[in-house]
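Shown next, in structure tokens, is the structure this report addresses.
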Amino acid sequence: MTDDWRRALETQREEKDQYFGESRHSPLPPDERESFDGLEYYPIDGDYRFELPLEEYDDPERVTVGTSTDGEREYLRWGQFRFTVDGEDVSLQAYKADPDDDRLWVPFRDATSGDETYGAGRYLDLEADRHRTDDGTWILDFNEAYNPTCAYSDRYECPLPPTENWLEVAIEAGEKAY
């Protein structure tokens, strides 16, 4: 495995910090942008990067997901990833907002949630052109885990990870609590 993915992730983090600190579209409240010194992340760790098949469901089920403002959003439960973290077998559901989407949404909570990471959970967005290999497996890289916008300001409404995606293991990768 080359280190290209590491360099790409470092660049992505630098660009996100710049956007958060300088853009008028930043999710940070304007009075916090001037003193913003960057987000905190776990060190990049290849042990939290997986190449996995997605076990797609024959008939994806429509599920209702609660939001941070007591609202609801609908998604399709598209498939399941199975993998091992620190010797423990775990699984995460992957969702789509629309069946024609070329991307998967993988929200999760883990043993770091509410302590080292945002309490409501974090997200992974998997884009087919960046996270799908030539043999059809998906790259599930927790180093890319990020906080939803509602972690920075309560003016946002964010879908919450369904309980089926609450992991008992610690995912010590990706973005930490703001």
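Residues are named by chain letter and number: chains run A, B, ... in the order of the structure tokens, numbers start at 1 in each chain, and ligands are numbered from 1 in the order shown.
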Open item on the list: Can you pull out every residue from chain A that DSSP, working from the backbone, puts in alpha helix (DSSP H), and format the result as a ChimeraX atom specification?
Closed with: /A:4-22,30-33,128-131
Write the residues of the preceding selection, restricted to N, CA, C and O atoms, as a short mmCIF file (atom, residue, chain, number, x, y, z; two decimals), in the first residue's frame.
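Saved to selection_9.cif:
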```
data_model
loop_
_atom_site.label_atom_id
_atom_site.label_comp_id
_atom_site.auth_asym_id
_atom_site.auth_seq_id
_atom_site.Cartn_x
_atom_site.Cartn_y
_atom_site.Cartn_z
N ASP A 4 0.09 7.35 -0.82
CA ASP A 4 -0.68 8.37 -1.52
C ASP A 4 -1.96 8.73 -0.77
O ASP A 4 -2.34 9.89 -0.71
N TRP A 5 -2.63 7.73 -0.22
CA TRP A 5 -3.88 8.00 0.49
C TRP A 5 -3.62 8.85 1.73
O TRP A 5 -4.45 9.68 2.10
N ARG A 6 -2.47 8.65 2.37
CA ARG A 6 -2.13 9.47 3.55
C ARG A 6 -1.94 10.93 3.16
O ARG A 6 -2.46 11.83 3.82
N ARG A 7 -1.18 11.15 2.09
CA ARG A 7 -0.95 12.53 1.63
C ARG A 7 -2.25 13.19 1.21
O ARG A 7 -2.49 14.36 1.52
N ALA A 8 -3.10 12.45 0.52
CA ALA A 8 -4.39 12.99 0.10
C ALA A 8 -5.24 13.36 1.31
O ALA A 8 -5.91 14.41 1.32
N LEU A 9 -5.21 12.54 2.34
CA LEU A 9 -5.98 12.81 3.55
C LEU A 9 -5.44 14.04 4.28
O LEU A 9 -6.20 14.89 4.76
N GLU A 10 -4.12 14.16 4.36
CA GLU A 10 -3.51 15.34 5.00
C GLU A 10 -3.92 16.62 4.25
O GLU A 10 -4.27 17.62 4.87
N THR A 11 -3.89 16.58 2.92
CA THR A 11 -4.30 17.73 2.12
C THR A 11 -5.77 18.05 2.34
O THR A 11 -6.15 19.22 2.50
N GLN A 12 -6.61 17.02 2.38
CA GLN A 12 -8.04 17.20 2.61
C GLN A 12 -8.27 17.88 3.97
O GLN A 12 -9.09 18.80 4.08
N ARG A 13 -7.54 17.48 4.99
CA ARG A 13 -7.68 18.07 6.31
C ARG A 13 -7.24 19.54 6.32
O ARG A 13 -7.91 20.39 6.92
N GLU A 14 -6.15 19.84 5.64
CA GLU A 14 -5.67 21.23 5.55
C GLU A 14 -6.71 22.10 4.85
O GLU A 14 -6.98 23.23 5.28
N GLU A 15 -7.28 21.60 3.77
CA GLU A 15 -8.29 22.35 3.02
C GLU A 15 -9.55 22.57 3.85
O GLU A 15 -10.16 23.64 3.81
N LYS A 16 -9.94 21.57 4.63
CA LYS A 16 -11.11 21.71 5.48
C LYS A 16 -10.87 22.76 6.55
O LYS A 16 -11.74 23.60 6.82
N ASP A 17 -9.69 22.75 7.16
CA ASP A 17 -9.36 23.75 8.17
C ASP A 17 -9.42 25.16 7.57
O ASP A 17 -9.94 26.09 8.20
N GLN A 18 -8.88 25.32 6.39
CA GLN A 18 -8.89 26.63 5.74
C GLN A 18 -10.33 27.06 5.47
O GLN A 18 -10.70 28.21 5.73
N TYR A 19 -11.14 26.16 4.97
CA TYR A 19 -12.54 26.46 4.70
C TYR A 19 -13.28 26.86 5.98
O TYR A 19 -14.00 27.86 6.01
N PHE A 20 -13.08 26.10 7.05
CA PHE A 20 -13.76 26.38 8.30
C PHE A 20 -13.35 27.74 8.86
O PHE A 20 -14.16 28.46 9.42
N GLY A 21 -12.08 28.08 8.71
CA GLY A 21 -11.59 29.33 9.29
C GLY A 21 -11.83 30.56 8.44
O GLY A 21 -11.89 31.67 8.99
N GLU A 22 -12.01 30.37 7.12
CA GLU A 22 -12.04 31.54 6.24
C GLU A 22 -13.32 31.72 5.44
O GLU A 22 -13.64 32.84 5.05
N PRO A 30 -19.60 32.92 12.94
CA PRO A 30 -18.62 33.93 12.52
C PRO A 30 -17.68 34.40 13.63
O PRO A 30 -16.49 34.61 13.38
N ASP A 31 -18.17 34.51 14.85
CA ASP A 31 -17.31 35.00 15.94
C ASP A 31 -16.25 33.97 16.37
O ASP A 31 -15.33 34.31 17.11
N GLU A 32 -16.34 32.73 15.90
CA GLU A 32 -15.35 31.71 16.24
C GLU A 32 -14.31 31.51 15.14
O GLU A 32 -13.28 30.90 15.37
N ARG A 33 -14.57 32.04 13.96
CA ARG A 33 -13.68 31.78 12.82
C ARG A 33 -12.32 32.43 12.98
O ARG A 33 -11.30 31.85 12.60
N ALA A 128 -18.27 6.43 -5.06
CA ALA A 128 -17.84 5.31 -5.90
C ALA A 128 -16.52 5.59 -6.62
O ALA A 128 -15.66 4.72 -6.71
N ASP A 129 -16.32 6.83 -7.09
CA ASP A 129 -15.10 7.12 -7.85
C ASP A 129 -13.85 7.19 -6.97
O ASP A 129 -12.74 7.00 -7.46
N ARG A 130 -14.00 7.43 -5.68
CA ARG A 130 -12.84 7.54 -4.78
C ARG A 130 -12.71 6.35 -3.82
O ARG A 130 -11.63 6.08 -3.32
N HIS A 131 -13.81 5.69 -3.51
CA HIS A 131 -13.80 4.67 -2.46
C HIS A 131 -14.13 3.27 -2.97
O HIS A 131 -14.32 2.37 -2.17
#
```
Task: Nearby residues (only C-alpha atoms) at most 12 Å from Arg132 in chain A, same-chain spacing under 6 positions excluded, as JSON, numbers by chain - done: {"A": [50, 51, 52, 53, 54, 102, 103, 104, 125, 126, 138, 139, 140, 141]}
Can you spit out the residues from that selection as a short mmCIF file (atom, residue, chain, number, x, y, z; two decimals), in the first residue's frame, using all heavy atoms?
```cif
data_model
loop_
_atom_site.label_atom_id
_atom_site.label_comp_id
_atom_site.auth_asym_id
_atom_site.auth_seq_id
_atom_site.Cartn_x
_atom_site.Cartn_y
_atom_site.Cartn_z
N PHE A 50 -9.99 -0.05 5.70
CA PHE A 50 -10.40 -1.39 5.29
C PHE A 50 -10.85 -1.39 3.83
O PHE A 50 -11.47 -0.44 3.37
CB PHE A 50 -11.59 -1.86 6.14
CG PHE A 50 -11.32 -1.89 7.61
CD1 PHE A 50 -11.57 -0.77 8.40
CD2 PHE A 50 -10.81 -3.02 8.21
CE1 PHE A 50 -11.32 -0.79 9.76
CE2 PHE A 50 -10.56 -3.06 9.57
CZ PHE A 50 -10.81 -1.93 10.35
N GLU A 51 -10.52 -2.47 3.13
CA GLU A 51 -11.09 -2.72 1.80
C GLU A 51 -12.05 -3.88 1.97
O GLU A 51 -11.63 -5.00 2.30
CB GLU A 51 -10.00 -3.02 0.78
CG GLU A 51 -9.20 -1.80 0.41
CD GLU A 51 -8.26 -2.02 -0.77
OE1 GLU A 51 -8.47 -2.98 -1.55
OE2 GLU A 51 -7.33 -1.21 -0.91
N LEU A 52 -13.34 -3.60 1.75
CA LEU A 52 -14.38 -4.56 2.11
C LEU A 52 -15.44 -4.69 1.02
O LEU A 52 -15.77 -3.70 0.36
CB LEU A 52 -15.11 -4.08 3.37
CG LEU A 52 -14.28 -3.82 4.62
CD1 LEU A 52 -15.09 -3.06 5.64
CD2 LEU A 52 -13.80 -5.15 5.18
N PRO A 53 -16.00 -5.88 0.91
CA PRO A 53 -17.17 -6.00 0.05
C PRO A 53 -18.39 -5.44 0.80
O PRO A 53 -18.48 -5.53 2.02
CB PRO A 53 -17.32 -7.51 -0.15
CG PRO A 53 -16.70 -8.11 1.08
CD PRO A 53 -15.59 -7.17 1.49
N LEU A 54 -19.28 -4.85 0.06
CA LEU A 54 -20.56 -4.43 0.63
C LEU A 54 -21.54 -5.57 0.38
O LEU A 54 -21.73 -5.99 -0.76
CB LEU A 54 -21.07 -3.15 -0.04
CG LEU A 54 -22.46 -2.70 0.40
CD1 LEU A 54 -22.44 -2.23 1.85
CD2 LEU A 54 -22.97 -1.60 -0.52
N ASP A 102 -24.71 7.30 -6.35
CA ASP A 102 -23.47 6.56 -6.55
C ASP A 102 -22.62 6.58 -5.29
O ASP A 102 -21.44 6.26 -5.33
CB ASP A 102 -22.69 7.18 -7.71
CG ASP A 102 -22.11 6.15 -8.63
OD1 ASP A 102 -22.47 4.97 -8.50
OD2 ASP A 102 -21.29 6.53 -9.49
N ARG A 103 -23.23 7.00 -4.18
CA ARG A 103 -22.48 7.14 -2.94
C ARG A 103 -23.22 6.43 -1.81
O ARG A 103 -24.42 6.19 -1.88
CB ARG A 103 -22.29 8.62 -2.61
CG ARG A 103 -23.60 9.34 -2.39
CD ARG A 103 -23.44 10.82 -2.21
NE ARG A 103 -22.51 11.11 -1.15
CZ ARG A 103 -22.47 12.23 -0.47
NH1 ARG A 103 -23.30 13.20 -0.74
NH2 ARG A 103 -21.60 12.41 0.48
N LEU A 104 -22.44 6.13 -0.78
CA LEU A 104 -23.00 5.50 0.42
C LEU A 104 -22.73 6.42 1.61
O LEU A 104 -21.71 7.08 1.68
CB LEU A 104 -22.33 4.15 0.67
CG LEU A 104 -22.52 3.08 -0.38
CD1 LEU A 104 -21.61 1.88 -0.08
CD2 LEU A 104 -23.97 2.64 -0.47
N ASP A 125 -18.60 9.31 4.23
CA ASP A 125 -19.25 9.38 2.92
C ASP A 125 -18.38 8.61 1.94
O ASP A 125 -17.19 8.91 1.79
CB ASP A 125 -19.36 10.83 2.44
CG ASP A 125 -20.30 11.65 3.30
OD1 ASP A 125 -21.26 11.09 3.84
OD2 ASP A 125 -20.07 12.87 3.42
N LEU A 126 -18.95 7.62 1.30
CA LEU A 126 -18.20 6.80 0.36
C LEU A 126 -18.67 7.11 -1.05
O LEU A 126 -19.82 6.86 -1.40
CB LEU A 126 -18.40 5.32 0.67
CG LEU A 126 -18.09 4.87 2.10
CD1 LEU A 126 -18.26 3.37 2.24
CD2 LEU A 126 -16.71 5.30 2.53
N TRP A 138 -15.15 -1.81 -1.43
CA TRP A 138 -15.21 -0.42 -0.98
C TRP A 138 -14.07 -0.15 0.01
O TRP A 138 -13.69 -1.03 0.77
CB TRP A 138 -16.54 -0.13 -0.29
CG TRP A 138 -17.69 -0.07 -1.24
CD1 TRP A 138 -18.44 -1.14 -1.68
CD2 TRP A 138 -18.22 1.08 -1.86
NE1 TRP A 138 -19.41 -0.70 -2.55
CE2 TRP A 138 -19.30 0.66 -2.67
CE3 TRP A 138 -17.91 2.44 -1.81
CZ2 TRP A 138 -20.06 1.55 -3.42
CZ3 TRP A 138 -18.66 3.33 -2.56
CH2 TRP A 138 -19.73 2.88 -3.35
N ILE A 139 -13.58 1.07 0.00
CA ILE A 139 -12.58 1.50 0.98
C ILE A 139 -13.32 2.23 2.09
O ILE A 139 -13.91 3.29 1.88
CB ILE A 139 -11.52 2.42 0.34
CG1 ILE A 139 -10.76 1.66 -0.75
CG2 ILE A 139 -10.57 2.95 1.41
CD1 ILE A 139 -9.88 2.52 -1.61
N LEU A 140 -13.33 1.60 3.24
CA LEU A 140 -13.96 2.15 4.44
C LEU A 140 -12.81 2.66 5.31
O LEU A 140 -12.15 1.88 5.99
CB LEU A 140 -14.77 1.05 5.15
CG LEU A 140 -15.73 1.46 6.23
CD1 LEU A 140 -16.92 2.19 5.63
CD2 LEU A 140 -16.23 0.23 6.98
N ASP A 141 -12.55 3.95 5.24
CA ASP A 141 -11.39 4.53 5.91
C ASP A 141 -11.85 5.45 7.03
O ASP A 141 -12.29 6.58 6.80
CB ASP A 141 -10.53 5.31 4.91
CG ASP A 141 -9.23 5.79 5.50
OD1 ASP A 141 -9.03 5.67 6.73
OD2 ASP A 141 -8.39 6.29 4.72
#
```
Open item on the list: When you count only C-alpha atoms, which of these residues is closest to Thr112 in chain A: A:Glu168, A:Asp45, A:Asp37, A:Glu56?
Closed with: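 Of the candidates, the smallest distance to Thr112 in chain A is held by A:Glu168.
Interatomic distance, CA of Leu28 in chain A against CA of Asp70 in chain A: 21.5 Å.
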Quick one: residues within 12 Å of Pro162 in chain A, only C-alpha atoms, excluding same-chain residues fewer than 3 positions away - as a PDB file with C-alpha atoms, in the first residue's frame?
```pdb
ATOM      1  CA  VAL A  63     -35.661   3.440   7.333  1.00  0.00           C
ATOM      2  CA  THR A  64     -36.524   6.595   9.220  1.00  0.00           C
ATOM      3  CA  VAL A  65     -33.591   8.290  10.905  1.00  0.00           C
ATOM      4  CA  GLY A  66     -34.012  10.863  13.669  1.00  0.00           C
ATOM      5  CA  THR A  67     -32.229  14.204  13.457  1.00  0.00           C
ATOM      6  CA  GLU A  72     -36.822  12.731  10.675  1.00  0.00           C
ATOM      7  CA  ARG A  73     -35.229  11.777   7.360  1.00  0.00           C
ATOM      8  CA  GLU A  74     -35.697   8.691   5.231  1.00  0.00           C
ATOM      9  CA  TYR A  75     -32.909   6.549   3.840  1.00  0.00           C
ATOM     10  CA  ARG A  77     -30.607   0.574   4.134  1.00  0.00           C
ATOM     11  CA  LEU A  92     -22.039  -1.219   9.937  1.00  0.00           C
ATOM     12  CA  GLN A  93     -25.027  -0.522   7.758  1.00  0.00           C
ATOM     13  CA  ALA A  94     -24.568   1.657   4.679  1.00  0.00           C
ATOM     14  CA  TYR A  95     -27.391   3.905   3.504  1.00  0.00           C
ATOM     15  CA  TRP A 105     -23.524   7.162   3.780  1.00  0.00           C
ATOM     16  CA  VAL A 106     -22.133   5.338   6.825  1.00  0.00           C
ATOM     17  CA  PRO A 107     -23.010   7.108  10.082  1.00  0.00           C
ATOM     18  CA  PHE A 108     -21.742   5.596  13.327  1.00  0.00           C
ATOM     19  CA  ARG A 109     -21.207   6.035  17.027  1.00  0.00           C
ATOM     20  CA  ASP A 110     -18.450   4.227  18.877  1.00  0.00           C
ATOM     21  CA  ALA A 120     -23.988  12.186  18.500  1.00  0.00           C
ATOM     22  CA  GLY A 121     -21.579  10.285  16.244  1.00  0.00           C
ATOM     23  CA  ARG A 122     -19.586  10.766  13.064  1.00  0.00           C
ATOM     24  CA  TYR A 123     -20.034  10.112   9.368  1.00  0.00           C
ATOM     25  CA  PRO A 159     -29.329  12.923  10.847  1.00  0.00           C
ATOM     26  CA  ASN A 165     -24.618   1.548  13.804  1.00  0.00           C
ATOM     27  CA  TRP A 166     -23.592   2.091  17.423  1.00  0.00           C
ATOM     28  CA  LEU A 167     -20.316   0.226  17.904  1.00  0.00           C
TER      29      LEU A 167
END
```
Open item on the list: Just checking: using only C-alpha atoms, which residue out of A:Lys96, A:Arg82, A:Arg62, A:Lys176 ends up closest to Asp115 in chain A?
Closed with: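 Nearest candidate to Asp115 in chain A out of A:Lys96, A:Arg82, A:Arg62, A:Lys176: A:Lys176.
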TODO: For each of A:Pro29, A:Glu144, A:Leu76, A:Ser153, take the minimum atom-to-atom distance to Asp98 in chain A, counting only C-alpha atoms, then give the residue where this is smallest.
DONE: A:Leu76
Open item on the list: Quick one: residues within 9 Å of Val169 in chain A, only C-alpha atoms, excluding same-chain residues fewer than 6 positions away - as a PyMOL selection string?
Closed with: chain A and resi 85-86+88+90+110-112
Residue selection dump (all heavy atoms) as a PDB file, in the first residue's frame:
```pdb
ATOM      1  N   VAL A  85     -12.264  -4.925  14.369  1.00  0.00           N
ATOM      2  CA  VAL A  85     -11.530  -3.824  15.000  1.00  0.00           C
ATOM      3  C   VAL A  85     -11.037  -4.319  16.351  1.00  0.00           C
ATOM      4  O   VAL A  85     -11.836  -4.786  17.174  1.00  0.00           O
ATOM      5  CB  VAL A  85     -12.428  -2.577  15.199  1.00  0.00           C
ATOM      6  CG1 VAL A  85     -11.675  -1.486  15.942  1.00  0.00           C
ATOM      7  CG2 VAL A  85     -12.946  -2.063  13.872  1.00  0.00           C
ATOM      8  N   ASP A  86      -9.737  -4.231  16.571  1.00  0.00           N
ATOM      9  CA  ASP A  86      -9.135  -4.674  17.840  1.00  0.00           C
ATOM     10  C   ASP A  86      -9.615  -6.058  18.258  1.00  0.00           C
ATOM     11  O   ASP A  86      -9.963  -6.294  19.416  1.00  0.00           O
ATOM     12  CB  ASP A  86      -9.418  -3.653  18.952  1.00  0.00           C
ATOM     13  CG  ASP A  86      -8.634  -2.367  18.759  1.00  0.00           C
ATOM     14  OD1 ASP A  86      -7.552  -2.416  18.137  1.00  0.00           O
ATOM     15  OD2 ASP A  86      -9.097  -1.319  19.251  1.00  0.00           O
ATOM     16  N   GLU A  88     -12.358  -7.558  17.563  1.00  0.00           N
ATOM     17  CA  GLU A  88     -13.805  -7.723  17.703  1.00  0.00           C
ATOM     18  C   GLU A  88     -14.484  -7.595  16.340  1.00  0.00           C
ATOM     19  O   GLU A  88     -14.258  -6.625  15.608  1.00  0.00           O
ATOM     20  CB  GLU A  88     -14.364  -6.657  18.661  1.00  0.00           C
ATOM     21  CG  GLU A  88     -15.820  -6.891  18.979  1.00  0.00           C
ATOM     22  CD  GLU A  88     -16.314  -6.047  20.135  1.00  0.00           C
ATOM     23  OE1 GLU A  88     -15.512  -5.727  21.035  1.00  0.00           O
ATOM     24  OE2 GLU A  88     -17.507  -5.717  20.126  1.00  0.00           O
ATOM     25  N   VAL A  90     -17.328  -6.629  13.947  1.00  0.00           N
ATOM     26  CA  VAL A  90     -18.373  -5.610  13.970  1.00  0.00           C
ATOM     27  C   VAL A  90     -18.980  -5.488  12.573  1.00  0.00           C
ATOM     28  O   VAL A  90     -18.426  -5.989  11.594  1.00  0.00           O
ATOM     29  CB  VAL A  90     -17.829  -4.237  14.435  1.00  0.00           C
ATOM     30  CG1 VAL A  90     -17.350  -4.294  15.877  1.00  0.00           C
ATOM     31  CG2 VAL A  90     -16.726  -3.742  13.527  1.00  0.00           C
ATOM     32  N   ASP A 110     -19.373   5.243  18.389  1.00  0.00           N
ATOM     33  CA  ASP A 110     -18.450   4.227  18.877  1.00  0.00           C
ATOM     34  C   ASP A 110     -18.093   4.561  20.316  1.00  0.00           C
ATOM     35  O   ASP A 110     -18.646   5.505  20.892  1.00  0.00           O
ATOM     36  CB  ASP A 110     -17.208   4.151  17.982  1.00  0.00           C
ATOM     37  CG  ASP A 110     -16.378   5.417  18.042  1.00  0.00           C
ATOM     38  OD1 ASP A 110     -16.744   6.429  17.413  1.00  0.00           O
ATOM     39  OD2 ASP A 110     -15.352   5.397  18.732  1.00  0.00           O
ATOM     40  N   ALA A 111     -17.182   3.801  20.889  1.00  0.00           N
ATOM     41  CA  ALA A 111     -16.837   3.971  22.304  1.00  0.00           C
ATOM     42  C   ALA A 111     -16.168   5.313  22.600  1.00  0.00           C
ATOM     43  O   ALA A 111     -16.050   5.697  23.756  1.00  0.00           O
ATOM     44  CB  ALA A 111     -15.947   2.812  22.772  1.00  0.00           C
ATOM     45  N   THR A 112     -15.741   6.059  21.582  1.00  0.00           N
ATOM     46  CA  THR A 112     -15.157   7.388  21.814  1.00  0.00           C
ATOM     47  C   THR A 112     -16.215   8.492  21.806  1.00  0.00           C
ATOM     48  O   THR A 112     -15.930   9.620  22.212  1.00  0.00           O
ATOM     49  CB  THR A 112     -14.089   7.735  20.748  1.00  0.00           C
ATOM     50  OG1 THR A 112     -14.725   7.926  19.488  1.00  0.00           O
ATOM     51  CG2 THR A 112     -13.022   6.651  20.658  1.00  0.00           C
TER      52      THR A 112
END
```
- [ ] Extract the full set of strand (DSSP E) residues from chain A according to DSSP on the backbone, and format it as an MDAnalysis selection string.
- [x] chainID A and resid 49:52 55:66 72:85 88:96 103:108 122:127 138:141
Saved selection, atoms kept: C-alpha atoms, as a compact mmCIF listing (two decimals), in the first residue's frame:
```
# COMPACT_ATOMS: atom_id res chain seq x y z
CA ARG A 49 -8.55 1.61 6.72
CA PHE A 50 -10.40 -1.39 5.29
CA GLU A 51 -11.09 -2.72 1.80
CA LEU A 52 -14.38 -4.56 2.11
CA GLU A 55 -23.16 -7.10 1.31
CA GLU A 56 -25.95 -5.42 -0.64
CA TYR A 57 -29.54 -6.20 0.25
CA ASP A 58 -31.78 -7.64 -2.45
CA ASP A 59 -34.66 -5.40 -1.38
CA PRO A 60 -33.29 -2.32 0.46
CA GLU A 61 -35.54 -1.33 3.33
CA ARG A 62 -36.65 2.25 3.84
CA VAL A 63 -35.66 3.44 7.33
CA THR A 64 -36.52 6.60 9.22
CA VAL A 65 -33.59 8.29 10.90
CA GLY A 66 -34.01 10.86 13.67
CA GLU A 72 -36.82 12.73 10.68
CA ARG A 73 -35.23 11.78 7.36
CA GLU A 74 -35.70 8.69 5.23
CA TYR A 75 -32.91 6.55 3.84
CA LEU A 76 -32.56 3.18 2.17
CA ARG A 77 -30.61 0.57 4.13
CA TRP A 78 -28.47 -0.45 1.19
CA GLY A 79 -26.05 -3.00 2.58
CA GLN A 80 -23.69 -4.05 5.32
CA PHE A 81 -19.95 -3.95 5.90
CA ARG A 82 -18.39 -6.59 8.18
CA PHE A 83 -14.88 -6.17 9.59
CA THR A 84 -12.76 -6.61 12.70
CA VAL A 85 -11.53 -3.82 15.00
CA GLU A 88 -13.80 -7.72 17.70
CA ASP A 89 -16.08 -8.54 14.76
CA VAL A 90 -18.37 -5.61 13.97
CA SER A 91 -20.72 -4.53 11.21
CA LEU A 92 -22.04 -1.22 9.94
CA GLN A 93 -25.03 -0.52 7.76
CA ALA A 94 -24.57 1.66 4.68
CA TYR A 95 -27.39 3.91 3.50
CA LYS A 96 -28.48 5.80 0.42
CA ARG A 103 -22.48 7.14 -2.94
CA LEU A 104 -23.00 5.50 0.42
CA TRP A 105 -23.52 7.16 3.78
CA VAL A 106 -22.13 5.34 6.82
CA PRO A 107 -23.01 7.11 10.08
CA PHE A 108 -21.74 5.60 13.33
CA ARG A 122 -19.59 10.77 13.06
CA TYR A 123 -20.03 10.11 9.37
CA LEU A 124 -18.25 8.47 6.47
CA ASP A 125 -19.25 9.38 2.92
CA LEU A 126 -18.20 6.80 0.36
CA GLU A 127 -18.05 8.02 -3.23
CA TRP A 138 -15.21 -0.42 -0.98
CA ILE A 139 -12.58 1.50 0.98
CA LEU A 140 -13.96 2.15 4.44
CA ASP A 141 -11.39 4.53 5.91
```
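Candidate residues A:Asn143, A:Thr69, A:Thr117, A:Thr133 were compared for distance to Leu160 in chain A, and the nearest is A:Thr69, using only C-alpha atoms.
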